[in-house]
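> Shown below is the structure under consideration.
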Amino acid sequence: MNLLIMGPQGSGKGTQAQKLSRELNIPHISTGDIFRENIKNSTELGKEAKEYIDNGELVPDNLTIKIVLDRLEWSDCGDGFILDGFPRNSTQAKALDEKVKIDYAILVDISDEVAIERISSRKTCNSCGKIYAKTNETKCSECNGDLYVRDDDTPETVRKRLEVYHENTKPVIEHYIEKGSLVKVNGENEIETVFLEIKRKIKI
Ligand code: AMP
């Protein structure tokens with residue numbers, strides 16, 4: 001099954017993508033994770049992407065599209081995949097259409113207020129990427145990695161990222177509504193409730 005998941009920062013789309021990946025045994029491909037991994041390893045791509053990411057801007061399409069289309073060639077995508085954070089605008093959506101057919105585009109919907117509150121208080125594990133909402137812990141309970149606040153998780157950057165999100169993602173949502181593949185779920189519910197709603201709507 002070829003899936004993609006959209007939603008503002010803090011919607012829990014990453015968590016839902018991981019759960020779908022496990023349930024369906026398909027890879028979870030997050031463009032944000034790919035960029036962060038490259039920044040951590042100081043690759044050329046990481047150096048190019050860092051400035052945009054730190055400013056809450058999108059990384060240019062030519063870079064991003066190539067990375068995703070190359071990743072979809074890997075053999076682990078044979079039975080499908082779940083894309084997280086891509087496409088973020090119409091150009092990316094069109095480039096994806098030319099490569100594969102998307103069965104469902106899942107939109108995890110939350111209000112801006114909830115997004116800002118959730119993001120400004122979250123921490124991420126620097127080793128396995130697990131995200132913690134509101135925690136005083138400094139170590140990951142899964143892998144004992146260090147928990148840190150992402151550079152782009154400050155309230156100002158989050159506001160900017162939400163603006164960019166709405167501006168760019170609206171046409172992408174329209175795109176998948178037109179194709180009849182958009183499913184919308186309420187991301188303000190509990191994680192398991194959101195997951196059940198997704199499973200029901202994509203018929204798994
Ligand atoms: P995320 O983890 O999905 O919030 O992504 C973090 C940052 O990576 C975003 O704020 C963008 O700067 C960049 N990024 C992730 N996905 C894309 C994309 N599809 N197109 C352009 N930039 C992206």
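By order of appearance in the structure tokens: chains A, B, ..., then residues from 1 within every chain, and ligands from 1 in the order shown.
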Excluding Lys170 (chain A) and any residue of its chain fewer than 4 positions from it, enumerate the residues within 10 Å of it, using only C-alpha atoms, and give them as a PyMOL selection string.
chain A and resi 88-90+165-166+174-175
> If the limit is 10 Å from any atom of ligand 1, counting only C-alpha atoms and all ligand atoms, which residues qualify? Return them as a PyMOL selection string.
chain A and resi 6-10+13-14+30-36+49-65+67-68+83-89+91-93+150+152-153+157-158+160-162+164-165+168
> If we count only C-alpha atoms and set the cut-off at 6 Å, which residues sit around region 103-119 of chain A, ignoring sequence neighbours fewer than 6 positions away in its own chain? Please answer as a list in words.
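The residues satisfying every condition are Asn2, Leu3, Leu4, Ile5, Met6, Gly7, Gly10, Ser11, Ser181, Leu182, Val183, Lys184, Val185, Asn186, Gly187 and Glu188 of chain A.
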> May I have the residues from that selection written out with N, CA and C atoms, as a short mmCIF file (atom, residue, chain, number, x, y, z; two decimals), in the first residue's frame?

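File result35.cif, as written:
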data_model
loop_
_atom_site.label_atom_id
_atom_site.label_comp_id
_atom_site.auth_asym_id
_atom_site.auth_seq_id
_atom_site.Cartn_x
_atom_site.Cartn_y
_atom_site.Cartn_z
N ASN A 2 0.63 2.15 -0.94
CA ASN A 2 1.41 3.38 -1.00
C ASN A 2 0.66 4.49 -0.27
N LEU A 3 1.25 4.93 0.85
CA LEU A 3 0.56 5.91 1.68
C LEU A 3 1.38 7.16 1.84
N LEU A 4 0.69 8.25 2.14
CA LEU A 4 1.43 9.41 2.65
C LEU A 4 0.61 10.03 3.76
N ILE A 5 1.32 10.69 4.67
CA ILE A 5 0.65 11.27 5.81
C ILE A 5 1.02 12.75 5.91
N MET A 6 0.01 13.58 6.13
CA MET A 6 0.23 15.03 6.22
C MET A 6 -0.36 15.53 7.52
N GLY A 7 0.08 16.68 7.93
CA GLY A 7 -0.49 17.28 9.12
C GLY A 7 0.50 18.29 9.64
N GLY A 10 3.41 18.66 15.19
CA GLY A 10 2.71 18.44 16.46
C GLY A 10 1.40 17.68 16.29
N SER A 11 1.06 17.30 15.06
CA SER A 11 -0.20 16.58 14.84
C SER A 11 -0.07 15.11 15.24
N SER A 181 -8.34 10.48 -2.99
CA SER A 181 -7.55 9.62 -2.09
C SER A 181 -7.32 10.25 -0.71
N LEU A 182 -7.90 11.42 -0.46
CA LEU A 182 -7.66 12.06 0.84
C LEU A 182 -8.56 11.46 1.93
N VAL A 183 -7.94 11.10 3.07
CA VAL A 183 -8.74 10.75 4.24
C VAL A 183 -8.30 11.65 5.39
N LYS A 184 -9.29 12.21 6.10
CA LYS A 184 -8.98 13.17 7.16
C LYS A 184 -9.32 12.56 8.51
N VAL A 185 -8.40 12.67 9.47
CA VAL A 185 -8.68 12.16 10.82
C VAL A 185 -8.44 13.26 11.84
N ASN A 186 -9.07 13.12 13.00
CA ASN A 186 -8.94 14.14 14.06
C ASN A 186 -7.72 13.85 14.92
N GLY A 187 -6.66 14.65 14.72
CA GLY A 187 -5.40 14.44 15.44
C GLY A 187 -5.40 14.94 16.87
N GLU A 188 -6.50 15.54 17.30
CA GLU A 188 -6.54 16.02 18.69
C GLU A 188 -6.95 14.91 19.65
#
> Using DSSP on the backbone coordinates, identify all residues within region 72-124 of chain A classified as alpha helix (DSSP H); present the result as a list in words.
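Answer for region 72-124 of chain A restricted to alpha helix (DSSP H) is Ser90, Thr91, Gln92, Ala93, Lys94, Ala95, Leu96, Asp97, Glu98, Lys99, Asp112, Glu113, Val114, Ala115, Ile116, Glu117, Arg118, Ile119 and Ser120 of chain A.
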> Which neighbours of region 134-139 of chain A fall inside 7 Å, counting only C-alpha atoms, when residues of the same chain fewer than 4 positions from it are skipped, and could you give them as a list in words?
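Counting only C-alpha atoms, the residues come to Ser121, Arg122, Asn144, Gly145, Asp146 and Leu147 of chain A.
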> Let me make sure I understand: among A:Ile82, A:Glu163, A:Glu178, A:Glu37, which one has the smallest atom-to-atom distance to Gly129 (chain A) if we use only C-alpha atoms?
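Between A:Ile82, A:Glu163, A:Glu178, A:Glu37, the residue approaching Gly129 (chain A) most closely is A:Glu37.
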> Pick the closest to Glu98 (chain A) from A:Val149, A:Ile204, A:Leu69, A:Ala133: which is it, counting only C-alpha atoms?
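Answer, going by the shortest atom-to-atom distance: A:Leu69.
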